[in-house]
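Colleague: Input file: my_file21.txt. Contents: compact mmCIF, C-alpha atoms and all ligand atoms.
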# COMPACT_ATOMS: atom_id res chain seq x y z
CA MET A 1 138.57 17.30 76.08
CA SER A 2 141.32 17.01 78.62
CA ARG A 3 141.76 19.71 81.22
CA LEU A 4 145.00 21.27 82.31
CA VAL A 5 145.91 23.69 85.08
CA MET A 6 149.10 25.71 84.56
CA LYS A 7 150.51 27.86 87.39
CA PHE A 8 153.14 30.56 86.92
CA GLY A 9 155.03 32.01 89.90
CA GLY A 10 156.28 35.54 90.52
CA THR A 11 159.52 35.46 88.53
CA SER A 12 157.68 33.89 85.58
CA VAL A 13 155.35 36.93 85.35
CA ALA A 14 157.83 39.58 86.54
CA THR A 15 157.66 41.71 83.36
CA ILE A 16 155.37 42.13 80.36
CA GLU A 17 157.99 40.30 78.28
CA ARG A 18 157.84 37.30 80.66
CA ILE A 19 154.04 37.38 80.63
CA LYS A 20 154.24 37.14 76.84
CA ASN A 21 156.47 34.11 77.26
CA VAL A 22 153.92 32.59 79.66
CA ALA A 23 151.25 33.19 77.02
CA ARG A 24 153.30 31.17 74.55
CA HIS A 25 153.34 28.21 76.96
CA VAL A 26 149.57 28.56 77.25
CA GLN A 27 149.20 28.81 73.48
CA ARG A 28 151.04 25.49 73.07
CA GLU A 29 148.67 23.68 75.41
CA VAL A 30 145.57 25.25 73.86
CA ALA A 31 146.83 24.20 70.43
CA ALA A 32 147.32 20.66 71.78
CA GLY A 33 143.58 20.62 72.44
CA HIS A 34 143.40 21.11 76.22
CA HIS A 35 140.94 23.21 78.13
CA VAL A 36 143.29 25.41 80.11
CA ALA A 37 143.01 27.21 83.46
CA VAL A 38 146.06 29.34 84.26
CA VAL A 39 146.83 30.43 87.80
CA VAL A 40 149.18 33.38 88.23
CA SER A 41 151.12 34.88 91.13
CA ALA A 42 151.88 38.56 91.57
CA MET A 43 154.96 39.93 89.80
CA SER A 44 158.03 38.97 91.84
CA GLY A 45 158.69 41.38 94.69
CA LYS A 46 155.17 42.79 94.51
CA THR A 47 153.70 40.87 97.45
CA ASN A 48 156.67 41.81 99.63
CA GLU A 49 156.13 45.45 98.74
CA LEU A 50 152.41 45.24 99.56
CA VAL A 51 153.11 43.50 102.88
CA GLY A 52 155.66 46.23 103.67
CA TRP A 53 153.10 48.94 103.02
CA CYS A 54 150.61 47.33 105.42
CA LYS A 55 153.28 47.22 108.15
CA GLU A 56 154.20 50.84 107.47
CA GLY A 57 150.55 51.80 107.65
CA ALA A 58 150.14 50.40 111.15
CA ALA A 59 152.11 47.98 113.29
CA LEU A 60 148.91 46.24 114.31
CA TYR A 61 147.05 46.29 111.00
CA ASP A 62 143.60 44.79 110.46
CA PRO A 63 144.25 41.37 108.83
CA ARG A 64 141.13 41.74 106.66
CA GLU A 65 142.53 44.91 105.16
CA TYR A 66 145.96 43.26 104.81
CA ASP A 67 144.25 40.66 102.62
CA ALA A 68 142.49 43.39 100.60
CA VAL A 69 145.91 44.95 99.94
CA VAL A 70 148.08 41.89 99.27
CA ALA A 71 145.50 40.15 97.04
CA SER A 72 145.84 43.01 94.57
CA GLY A 73 149.15 41.80 93.10
CA GLU A 74 147.49 38.77 91.53
CA GLN A 75 144.60 40.86 90.20
CA VAL A 76 147.08 42.80 88.07
CA THR A 77 148.87 39.78 86.56
CA SER A 78 145.64 37.87 85.83
CA GLY A 79 144.27 40.83 83.88
CA LEU A 80 147.56 41.37 82.07
CA LEU A 81 147.88 37.74 80.98
CA ALA A 82 144.29 37.79 79.68
CA ILE A 83 145.10 40.96 77.67
CA VAL A 84 148.21 39.35 76.17
CA LEU A 85 146.41 36.09 75.32
CA GLN A 86 143.56 37.96 73.64
CA ASP A 87 146.11 39.91 71.62
CA MET A 88 147.48 36.58 70.38
CA GLY A 89 144.01 35.61 69.25
CA ILE A 90 143.35 33.26 72.20
CA PRO A 91 140.00 33.89 73.91
CA ALA A 92 140.66 34.44 77.61
CA ARG A 93 139.23 36.14 80.68
CA SER A 94 140.51 36.84 84.15
CA TRP A 95 138.91 35.46 87.31
CA GLN A 96 139.43 36.82 90.80
CA GLY A 97 139.03 34.40 93.71
CA TRP A 98 135.67 35.90 94.71
CA GLN A 99 134.30 35.67 91.18
CA ILE A 100 134.70 31.89 90.86
CA PRO A 101 134.21 31.72 93.91
CA ILE A 102 137.10 30.09 95.77
CA LYS A 103 135.53 29.74 99.21
CA THR A 104 137.90 29.83 102.17
CA SER A 105 137.95 29.98 105.95
CA ASP A 106 138.19 33.38 107.61
CA ALA A 107 141.78 32.90 108.82
CA HIS A 108 142.95 36.10 107.15
CA GLY A 109 146.52 35.94 105.92
CA SER A 110 146.57 32.13 105.98
CA ALA A 111 143.07 31.08 104.95
CA ARG A 112 142.28 27.51 103.91
CA ILE A 113 140.35 26.69 100.77
CA GLU A 114 137.07 25.00 101.72
CA ASP A 115 135.31 24.68 98.41
CA ILE A 116 135.63 25.72 94.78
CA ASP A 117 132.64 25.83 92.46
CA PRO A 118 134.00 24.99 88.99
CA LYS A 119 130.77 25.87 87.13
CA GLY A 120 131.78 29.32 85.88
CA LEU A 121 135.17 28.06 84.70
CA GLU A 122 133.53 25.13 82.91
CA GLU A 123 131.09 27.45 81.15
CA GLY A 124 134.10 29.48 80.02
CA PHE A 125 135.75 26.31 78.68
CA ALA A 126 132.54 25.55 76.75
CA ARG A 127 132.86 28.99 75.14
CA GLY A 128 136.46 28.14 74.20
CA GLU A 129 137.99 30.53 76.76
CA VAL A 130 141.19 30.17 78.73
CA ALA A 131 140.49 30.93 82.39
CA VAL A 132 143.20 33.16 83.88
CA ILE A 133 142.87 32.92 87.64
CA ALA A 134 144.37 35.18 90.29
CA GLY A 135 146.22 32.83 92.65
CA PHE A 136 146.70 33.26 96.41
CA GLN A 137 143.21 34.68 97.03
CA GLY A 138 139.70 33.63 97.90
CA ILE A 139 136.61 34.83 99.70
CA HIS A 140 135.04 34.09 103.07
CA ILE A 141 131.41 33.94 101.99
CA PRO A 142 129.65 34.62 105.35
CA THR A 143 131.48 37.93 105.79
CA GLY A 144 131.98 38.66 102.09
CA ARG A 145 135.63 39.51 102.72
CA LEU A 146 138.64 38.79 100.54
CA THR A 147 141.13 36.33 101.97
CA THR A 148 144.67 35.20 101.10
CA LEU A 149 146.17 31.76 101.52
CA GLY A 150 149.57 32.48 103.11
CA ARG A 151 152.87 33.13 101.34
CA GLY A 152 153.43 30.91 98.35
CA GLY A 153 149.68 30.26 98.28
CA SER A 154 149.24 30.36 94.50
CA ASP A 155 150.61 26.80 94.39
CA THR A 156 147.67 25.76 96.56
CA SER A 157 145.20 27.74 94.42
CA ALA A 158 146.45 25.84 91.37
CA VAL A 159 146.30 22.36 92.86
CA ALA A 160 142.89 22.99 94.47
CA ILE A 161 141.50 24.27 91.16
CA ALA A 162 142.92 21.21 89.41
CA ALA A 163 141.13 19.02 91.97
CA ALA A 164 137.83 20.93 91.55
CA LEU A 165 138.05 20.72 87.75
CA LYS A 166 139.18 17.07 87.92
CA ALA A 167 142.02 18.20 85.67
CA ASP A 168 144.28 15.64 84.01
CA ARG A 169 147.36 17.50 85.20
CA CYS A 170 148.56 20.48 87.22
CA ASP A 171 151.82 22.02 86.00
CA ILE A 172 153.58 24.34 88.43
CA TYR A 173 155.90 26.50 86.33
CA THR A 174 158.67 28.25 88.24
CA ASP A 175 162.22 29.57 87.86
CA VAL A 176 163.87 26.16 88.26
CA ASP A 177 163.22 23.14 86.06
CA GLY A 178 161.94 20.86 88.81
CA VAL A 179 162.41 19.74 92.39
CA TYR A 180 166.07 19.26 93.28
CA THR A 181 167.83 17.21 95.94
CA THR A 182 168.35 20.54 97.70
CA ASP A 183 168.02 24.23 96.87
CA PRO A 184 170.00 24.52 93.60
CA ARG A 185 170.75 28.15 94.45
CA ILE A 186 173.00 27.20 97.33
CA VAL A 187 174.29 23.82 96.14
CA PRO A 188 175.35 23.86 92.48
CA LYS A 189 175.81 20.08 92.68
CA ALA A 190 172.10 19.56 93.48
CA LYS A 191 170.39 17.10 91.13
CA ARG A 192 166.98 17.45 89.57
CA LEU A 193 164.66 14.62 90.56
CA ASP A 194 162.42 13.06 87.91
CA ARG A 195 160.01 12.00 90.61
CA VAL A 196 159.50 12.71 94.26
CA VAL A 197 157.11 10.95 96.61
CA PHE A 198 154.25 13.01 98.12
CA GLU A 199 155.34 12.30 101.71
CA GLU A 200 158.89 13.42 100.97
CA MET A 201 157.73 16.55 99.16
CA LEU A 202 155.51 17.35 102.11
CA GLU A 203 158.46 17.11 104.51
CA MET A 204 160.77 19.03 102.17
CA ALA A 205 158.24 21.83 101.83
CA SER A 206 157.53 22.03 105.56
CA LEU A 207 161.23 21.91 106.41
CA GLY A 208 162.05 24.89 104.22
CA SER A 209 162.13 24.00 100.48
CA LYS A 210 159.86 26.77 99.35
CA VAL A 211 159.50 25.42 95.80
CA LEU A 212 155.96 24.34 96.72
CA GLN A 213 153.69 25.61 99.48
CA VAL A 214 153.12 22.80 102.03
CA ARG A 215 149.35 22.99 101.72
CA SER A 216 149.52 22.49 97.94
CA VAL A 217 151.29 19.18 98.46
CA GLU A 218 148.64 18.10 100.98
CA VAL A 219 145.85 18.95 98.54
CA ALA A 220 147.62 17.14 95.68
CA MET A 221 148.11 14.08 97.88
CA VAL A 222 144.53 13.94 99.16
CA HIS A 223 142.88 14.58 95.78
CA LYS A 224 145.43 12.61 93.75
CA VAL A 225 146.24 15.54 91.49
CA LYS A 226 148.96 14.67 89.01
CA THR A 227 151.34 17.55 89.74
CA PHE A 228 154.55 18.50 87.93
CA VAL A 229 157.09 21.19 88.84
CA ARG A 230 158.76 22.59 85.71
CA SER A 231 160.42 25.66 84.26
CA SER A 232 158.70 28.61 82.61
CA PHE A 233 162.11 29.60 81.23
CA ASP A 234 162.21 26.61 78.90
CA ASP A 235 161.57 27.37 75.27
CA PRO A 236 157.76 27.23 74.96
CA ALA A 237 158.26 25.24 71.77
CA ASP A 238 160.46 22.65 73.49
CA PRO A 239 159.30 22.19 77.10
CA LYS A 240 160.87 19.69 79.52
CA PRO A 241 158.67 17.51 81.74
CA GLY A 242 160.12 18.63 85.10
CA THR A 243 159.50 16.68 88.32
CA LEU A 244 156.41 14.57 88.98
CA ILE A 245 155.10 14.41 92.56
CA CYS A 246 153.88 10.84 92.87
CA ASP A 247 153.01 7.86 95.06
CA GLU A 248 155.67 5.64 96.59
CA GLU A 249 154.75 2.75 94.25
CA ASP A 250 155.66 4.90 91.26
CA ILE A 251 159.29 5.23 92.30
CA VAL A 252 161.64 2.78 90.63
CA GLU A 253 164.82 3.26 92.59
CA GLN A 254 164.39 4.59 96.11
CA GLN A 255 167.30 6.39 97.78
CA VAL A 256 167.73 6.34 101.55
CA VAL A 257 167.88 10.14 101.59
CA SER A 258 166.14 12.00 98.76
CA GLY A 259 166.67 15.59 99.75
CA ILE A 260 168.18 18.13 102.13
CA ALA A 261 166.23 21.19 103.25
CA TYR A 262 167.07 24.13 105.47
CA SER A 263 165.02 26.71 107.25
CA LYS A 264 166.13 29.99 108.78
CA ASP A 265 162.67 30.47 110.19
CA GLU A 266 163.67 28.98 113.53
CA ALA A 267 164.76 30.59 116.79
CA GLN A 268 166.16 28.91 119.87
CA ILE A 269 165.11 29.47 123.46
CA THR A 270 166.95 27.94 126.42
CA LEU A 271 165.71 27.97 130.00
CA ARG A 272 168.51 27.29 132.46
CA ASP A 273 168.21 25.69 135.88
CA VAL A 274 164.58 24.73 135.68
CA ALA A 275 163.41 22.64 138.65
CA ASP A 276 163.28 19.00 137.52
CA LYS A 277 159.83 18.02 138.79
CA PRO A 278 156.49 16.90 137.33
CA GLY A 279 154.40 19.58 135.66
CA ILE A 280 157.26 21.76 134.53
CA ALA A 281 156.96 20.94 130.82
CA ALA A 282 153.27 21.81 130.98
CA ALA A 283 154.00 25.07 132.82
CA ILE A 284 156.31 26.05 129.96
CA PHE A 285 154.54 24.74 126.89
CA VAL A 286 150.85 25.25 127.68
CA PRO A 287 151.07 29.09 127.73
CA LEU A 288 152.98 28.99 124.44
CA ALA A 289 150.38 26.70 122.87
CA ASP A 290 147.60 28.97 124.18
CA ALA A 291 149.29 31.82 122.30
CA ASN A 292 149.33 29.70 119.11
CA ILE A 293 153.12 29.42 119.14
CA ASN A 294 154.35 26.21 117.58
CA VAL A 295 157.19 24.65 119.51
CA ASP A 296 159.33 22.42 117.35
CA MET A 297 162.58 20.85 118.56
CA ILE A 298 162.83 20.16 122.31
CA ILE A 299 165.79 18.92 124.32
CA GLN A 300 166.17 18.58 128.04
CA VAL A 301 169.46 18.19 129.84
CA VAL A 302 169.46 17.02 133.43
CA SER A 303 172.13 18.58 135.62
CA ASP A 304 174.60 16.70 137.81
CA ASP A 305 172.57 17.12 140.97
CA ALA A 306 169.42 15.86 139.15
CA LYS A 307 167.45 18.68 140.78
CA THR A 308 167.52 21.11 137.90
CA THR A 309 167.47 20.81 134.17
CA ASP A 310 168.20 22.97 131.12
CA LEU A 311 165.46 23.01 128.52
CA THR A 312 166.07 24.07 124.93
CA PHE A 313 163.43 24.36 122.23
CA THR A 314 162.73 26.22 119.02
CA VAL A 315 159.88 28.47 117.89
CA PRO A 316 159.25 30.22 114.55
CA THR A 317 161.42 33.34 114.26
CA ALA A 318 158.32 35.49 113.88
CA ASP A 319 157.11 34.34 117.33
CA TYR A 320 160.46 34.61 119.11
CA GLU A 321 159.89 37.92 120.94
CA ARG A 322 156.34 36.95 121.87
CA ALA A 323 157.52 33.58 123.23
CA ARG A 324 160.21 35.26 125.36
CA LYS A 325 157.70 37.69 126.78
CA ILE A 326 155.28 34.88 127.69
CA LEU A 327 158.05 32.94 129.44
CA GLU A 328 159.18 36.04 131.33
CA ASP A 329 155.59 36.62 132.42
CA HIS A 330 155.43 32.99 133.68
CA LYS A 331 158.84 33.01 135.34
CA ALA A 332 157.42 32.45 138.83
CA GLU A 333 155.37 29.36 137.87
CA VAL A 334 158.12 27.80 135.78
CA GLY A 335 160.91 28.70 138.17
CA TYR A 336 163.92 28.95 135.88
CA LYS A 337 167.09 30.92 136.62
CA GLU A 338 167.97 32.28 133.21
CA LEU A 339 166.32 32.70 129.83
CA ALA A 340 168.69 32.66 126.87
CA GLY A 341 167.94 32.71 123.17
CA ALA A 342 169.36 32.85 119.68
CA THR A 343 167.95 33.80 116.31
CA ASP A 344 171.11 33.26 114.27
CA VAL A 345 170.37 29.55 113.97
CA VAL A 346 169.22 27.34 111.13
CA LYS A 347 167.49 23.97 110.95
CA VAL A 348 169.00 21.61 108.41
CA SER A 349 167.03 18.46 107.61
CA ALA A 350 167.50 15.29 105.60
CA ILE A 351 164.39 13.63 104.16
CA GLY A 352 163.83 10.20 102.67
CA ILE A 353 161.24 7.45 102.92
CA GLY A 354 164.18 5.02 102.70
CA MET A 355 165.02 5.97 106.31
CA ARG A 356 162.13 3.77 107.44
CA SER A 357 164.11 0.69 106.56
CA HIS A 358 167.67 1.85 107.26
CA ALA A 359 169.22 2.28 110.70
CA GLY A 360 171.94 4.77 111.62
CA VAL A 361 171.20 7.29 108.87
CA ALA A 362 171.19 10.27 111.24
CA ALA A 363 174.19 9.06 113.19
CA ARG A 364 176.35 9.34 110.08
CA ALA A 365 175.32 12.98 109.74
CA PHE A 366 176.29 13.83 113.32
CA LYS A 367 179.77 12.46 112.68
CA ALA A 368 180.13 14.25 109.32
CA LEU A 369 179.02 17.58 110.80
CA SER A 370 181.32 17.30 113.80
CA ASP A 371 184.23 16.48 111.46
CA LYS A 372 183.59 19.89 109.89
CA GLY A 373 183.57 21.54 113.31
CA ILE A 374 179.83 22.22 113.23
CA ASN A 375 178.22 22.16 116.65
CA ILE A 376 174.71 20.68 116.88
CA ARG A 377 172.43 22.60 119.24
CA ALA A 378 169.37 20.36 118.96
CA ILE A 379 168.19 17.28 117.09
CA THR A 380 164.80 15.88 116.14
CA THR A 381 164.04 12.73 114.24
CA SER A 382 160.96 11.05 112.84
CA GLU A 383 160.26 8.13 110.55
CA ILE A 384 161.33 9.76 107.29
CA LYS A 385 163.45 12.73 108.34
CA PHE A 386 165.85 14.14 110.87
CA SER A 387 166.76 17.74 111.61
CA VAL A 388 169.69 19.45 113.33
CA LEU A 389 169.78 22.97 114.67
CA ILE A 390 173.12 24.69 114.03
CA ASP A 391 174.64 28.19 113.83
CA ALA A 392 173.33 30.00 110.75
CA GLU A 393 176.84 30.81 109.53
CA TYR A 394 177.35 27.10 108.77
CA THR A 395 174.18 26.69 106.70
CA GLU A 396 175.81 26.16 103.33
CA LEU A 397 178.62 24.02 104.70
CA ALA A 398 176.16 21.77 106.53
CA VAL A 399 173.78 21.42 103.57
CA ARG A 400 176.67 20.62 101.23
CA THR A 401 178.21 18.17 103.71
CA LEU A 402 174.98 16.19 104.06
CA HIS A 403 174.30 16.38 100.34
CA THR A 404 177.66 14.75 99.63
CA LEU A 405 177.40 12.30 102.55
CA TYR A 406 174.17 10.77 101.22
CA GLY A 407 175.41 10.49 97.65
CA LEU A 408 173.19 13.20 96.22
CA ASP A 409 175.88 15.24 94.39
CA LYS A 410 175.54 15.17 90.65
CA ALA A 411 178.41 13.53 88.84
P1 LIG A 501 157.59 30.87 92.38
O1 LIG A 501 157.69 32.36 92.43
O2 LIG A 501 157.60 30.34 90.99
O3 LIG A 501 156.47 30.34 93.19
P2 LIG A 501 159.47 30.20 94.48
O4 LIG A 501 160.54 31.21 94.69
O5 LIG A 501 158.32 30.20 95.42
O6 LIG A 501 158.94 30.33 92.98
O7 LIG A 501 160.09 28.72 94.46
C1 LIG A 501 161.15 28.41 93.58
C2 LIG A 501 162.48 28.47 94.33
O8 LIG A 501 162.51 27.45 95.32
C3 LIG A 501 163.69 28.20 93.48
O9 LIG A 501 164.15 29.37 92.85
C4 LIG A 501 164.70 27.62 94.47
O10 LIG A 501 165.68 28.56 94.86
C5 LIG A 501 163.87 27.29 95.70
N1 LIG A 501 164.08 25.92 96.18
C6 LIG A 501 164.31 25.58 97.46
N2 LIG A 501 164.49 24.26 97.59
C7 LIG A 501 164.35 23.73 96.36
C8 LIG A 501 164.41 22.40 95.84
N3 LIG A 501 164.65 21.34 96.64
N4 LIG A 501 164.22 22.22 94.52
C9 LIG A 501 163.96 23.27 93.70
N5 LIG A 501 163.90 24.55 94.13
C10 LIG A 501 164.08 24.79 95.44
N1 LIG A 502 152.27 36.32 95.60
C1 LIG A 502 152.13 35.48 96.77
C2 LIG A 502 153.44 35.42 97.53
O1 LIG A 502 154.42 36.04 97.11
C3 LIG A 502 151.63 34.10 96.44
C4 LIG A 502 152.53 33.27 95.56
O2 LIG A 502 153.41 33.80 94.88
O3 LIG A 502 152.34 32.06 95.54
O4 LIG A 502 153.51 34.82 98.55
MG MG A 503 156.26 29.99 95.27
Any chance you could give the structure as structure tokens?
Modeller:
Amino acid sequence: MSRLVMKFGGTSVATIERIKNVARHVQREVAAGHHVAVVVSAMSGKTNELVGWCKEGAALYDPREYDAVVASGEQVTSGLLAIVLQDMGIPARSWQGWQIPIKTSDAHGSARIEDIDPKGLEEGFARGEVAVIAGFQGIHIPTGRLTTLGRGGSDTSAVAIAAALKADRCDIYTDVDGVYTTDPRIVPKAKRLDRVVFEEMLEMASLGSKVLQVRSVEVAMVHKVKTFVRSSFDDPADPKPGTLICDEEDIVEQQVVSGIAYSKDEAQITLRDVADKPGIAAAIFVPLADANINVDMIIQVVSDDAKTTDLTFTVPTADYERARKILEDHKAEVGYKELAGATDVVKVSAIGIGMRSHAGVAARAFKALSDKGINIRAITTSEIKFSVLIDAEYTELAVRTLHTLYGLDKA
């Protein structure tokens, strides 16, 4: 019998009524003769509430207890879906991460899945049961502690379970009917893509398109899991296929740019009048790296006298205050005159494997953005993407401008 993993995100299980709708999607696949494992997220808003409670409890909370708290949202929905399925006459049971077990590292709050033993789930299939699995959570076996996989982690649970079960397909059901050329909530002209290449999806996810967790795309790519993104709001009796994440060879007509992403999770730091001499970059970036702060975009501007330079770079918003403090503490070694910063900035990126074979793709964007009066604070480029850092107030205008520029608007 073929095996299928179905994942339902927070909005898809937000109420008992929606959980009943999810159960109807499951019922269809069971009736079609599949062995089904369903992965569920917490009800929408729940994880945020749980995270908020931890922060209220103590500013410096124990990350192991944070995981104990935030993993509970998925425990509730997995049990509820099993109850609803059973009521429809479909044998089902819930599985918590530790019961399977889904073995992870001990990086609490952002643990990585190391191994999944599919035996228990397979025995359940043999008994004719649907496995309803709590997403987002696992266990670190040596310490016996619960872990969670980072925000959006249920996507990764689903794809990793599909890989462990050697499932024929992994369907990620969400509140949009597939992957779009950009976030359809801010650009109504965004187009749904029938297919998107793994590498592009990876970049889109890491540059801010939160439709899939980055790690889930990595796991799908490495284990060749046939993954679709589709809507749980479709009529369960008449589902649409959604978007397939696939290999480059499977794309018929490749665009130069396939998608535009944006991320507000970026803050800018500028060091003015830094002495322009060897060793300065190390003096700045080594302490930040030691503190596990990821530096992203970097630009250096040499002054007229060639003795000093201004250095601008970005860090994740969550690390902004920490990064400033570290640089202030290292002021003497680095020798800068002024430290400036901004958090009201956004990184807008264009992604497409077609950029490998086309020159001047980014240059067109710089012109289009300047025509709209949008000032670019920093730029980074790589083989299949480029990003610009701009003022946050221009986010929508910039995303829409690039979306139109690269011919992505729907007719
Ligand atoms: P779930 O709770 O189902 O995991 P998420 O909120 O994590 O859902 O992800 C779905 C959301 O991702 C959509 O509602 C949409 O606003 C957003 N999104 C951002 N970029 C894209 C994109 N390129 N295509 C589709 N959705 C996107
Ligand atoms: N509930 C978790 C979150 O909100 C995991 C998920 O939804 O994927 O981040
Ligand atoms: Mg999600």
Colleague: Using only C-alpha atoms for the distances, tell me which of A:Val334, A:Ala289, A:Ile384, A:Ile90 is nearest to Lys277 (chain A).
Modeller: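 Once distances to Lys277 (chain A) are computed over only C-alpha atoms, the minimum belongs to A:Val334.
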Colleague: Using all atoms listed in the file, which of the listed residues (A:Leu271, A:His330, A:His403, A:Phe386) sits closest to Gly360 (chain A)?
Modeller: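 That would be A:Phe386, the residue with the smallest distance to Gly360 (chain A).
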Colleague: Can you pull out the residues contacting Val5 (chain A)? Cut-off 8 Å, using only C-alpha atoms, and skip same-chain residues under 5 positions away; I want them as a short mmCIF file (atom, residue, chain, number, x, y, z; two decimals) with C-alpha atoms, in the coordinates of the input.
Modeller:
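Ended up saving to result.cif:
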data_model
loop_
_atom_site.label_atom_id
_atom_site.label_comp_id
_atom_site.auth_asym_id
_atom_site.auth_seq_id
_atom_site.Cartn_x
_atom_site.Cartn_y
_atom_site.Cartn_z
CA VAL A 36 143.29 25.41 80.11
CA ALA A 37 143.01 27.21 83.46
CA VAL A 38 146.06 29.34 84.26
CA VAL A 39 146.83 30.43 87.80
CA ALA A 158 146.45 25.84 91.37
CA VAL A 159 146.30 22.36 92.86
CA ILE A 161 141.50 24.27 91.16
CA ALA A 162 142.92 21.21 89.41
CA ALA A 167 142.02 18.20 85.67
CA ARG A 169 147.36 17.50 85.20
CA CYS A 170 148.56 20.48 87.22
CA ASP A 171 151.82 22.02 86.00
#
Colleague: Can you pull out every residue within 6 Å of Thr270 (chain A), counting only C-alpha atoms, but drop anything in the same chain fewer than 5 positions away, and send it as a JSON list (two decimals) with C-alpha atoms, in the frame of the given file?
Modeller:
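Full text of result08.json as output:
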[["chain", "number", "residue", "atom", "x", "y", "z"],
["A", 311, "LEU", "CA", 165.46, 23.01, 128.52],
["A", 312, "THR", "CA", 166.07, 24.07, 124.93],
["A", 339, "LEU", "CA", 166.32, 32.70, 129.83],
["A", 340, "ALA", "CA", 168.69, 32.66, 126.87],
["A", 341, "GLY", "CA", 167.94, 32.71, 123.17]]
Colleague: Do you know which residues are at most 12 Å from His34 (chain A) counting only C-alpha atoms, after dropping those on the same chain fewer than 5 positions away, and could you put them as an mmCIF file with C-alpha atoms, in the frame of the given file?
Modeller:
data_model
loop_
_atom_site.group_PDB
_atom_site.id
_atom_site.type_symbol
_atom_site.label_atom_id
_atom_site.label_comp_id
_atom_site.auth_asym_id
_atom_site.auth_seq_id
_atom_site.Cartn_x
_atom_site.Cartn_y
_atom_site.Cartn_z
ATOM 1 C CA MET A 1 138.570 17.300 76.080
ATOM 2 C CA SER A 2 141.320 17.010 78.620
ATOM 3 C CA ARG A 3 141.760 19.710 81.220
ATOM 4 C CA LEU A 4 145.000 21.270 82.310
ATOM 5 C CA VAL A 5 145.910 23.690 85.080
ATOM 6 C CA MET A 6 149.100 25.710 84.560
ATOM 7 C CA VAL A 26 149.570 28.560 77.250
ATOM 8 C CA GLN A 27 149.200 28.810 73.480
ATOM 9 C CA ARG A 28 151.040 25.490 73.070
ATOM 10 C CA GLU A 29 148.670 23.680 75.410
ATOM 11 C CA PHE A 125 135.750 26.310 78.680
ATOM 12 C CA ALA A 126 132.540 25.550 76.750
ATOM 13 C CA GLY A 128 136.460 28.140 74.200
ATOM 14 C CA GLU A 129 137.990 30.530 76.760
ATOM 15 C CA VAL A 130 141.190 30.170 78.730
ATOM 16 C CA ALA A 131 140.490 30.930 82.390
ATOM 17 C CA ALA A 167 142.020 18.200 85.670
ATOM 18 C CA ASP A 168 144.280 15.640 84.010
ATOM 19 C CA ARG A 169 147.360 17.500 85.200
#
Colleague: Residues of chain A within 7 Å of ligand MG 503 (chain A): nearest atom pair and distance (Å, one decimal) for each, counting all atoms listed in the file, sorted by chain and number, as JSON lines?
Modeller:
{"residue": "A:Gly9", "atom": "CA", "partner": "A:MG503", "partner_atom": "MG", "distance": 5.9}
{"residue": "A:Gly152", "atom": "CA", "partner": "A:MG503", "partner_atom": "MG", "distance": 4.3}
{"residue": "A:Asp155", "atom": "CA", "partner": "A:MG503", "partner_atom": "MG", "distance": 6.5}
{"residue": "A:Lys210", "atom": "CA", "partner": "A:MG503", "partner_atom": "MG", "distance": 6.3}
{"residue": "A:Val211", "atom": "CA", "partner": "A:MG503", "partner_atom": "MG", "distance": 5.6}
{"residue": "A:Leu212", "atom": "CA", "partner": "A:MG503", "partner_atom": "MG", "distance": 5.8}
{"residue": "A:Gln213", "atom": "CA", "partner": "A:MG503", "partner_atom": "MG", "distance": 6.6}
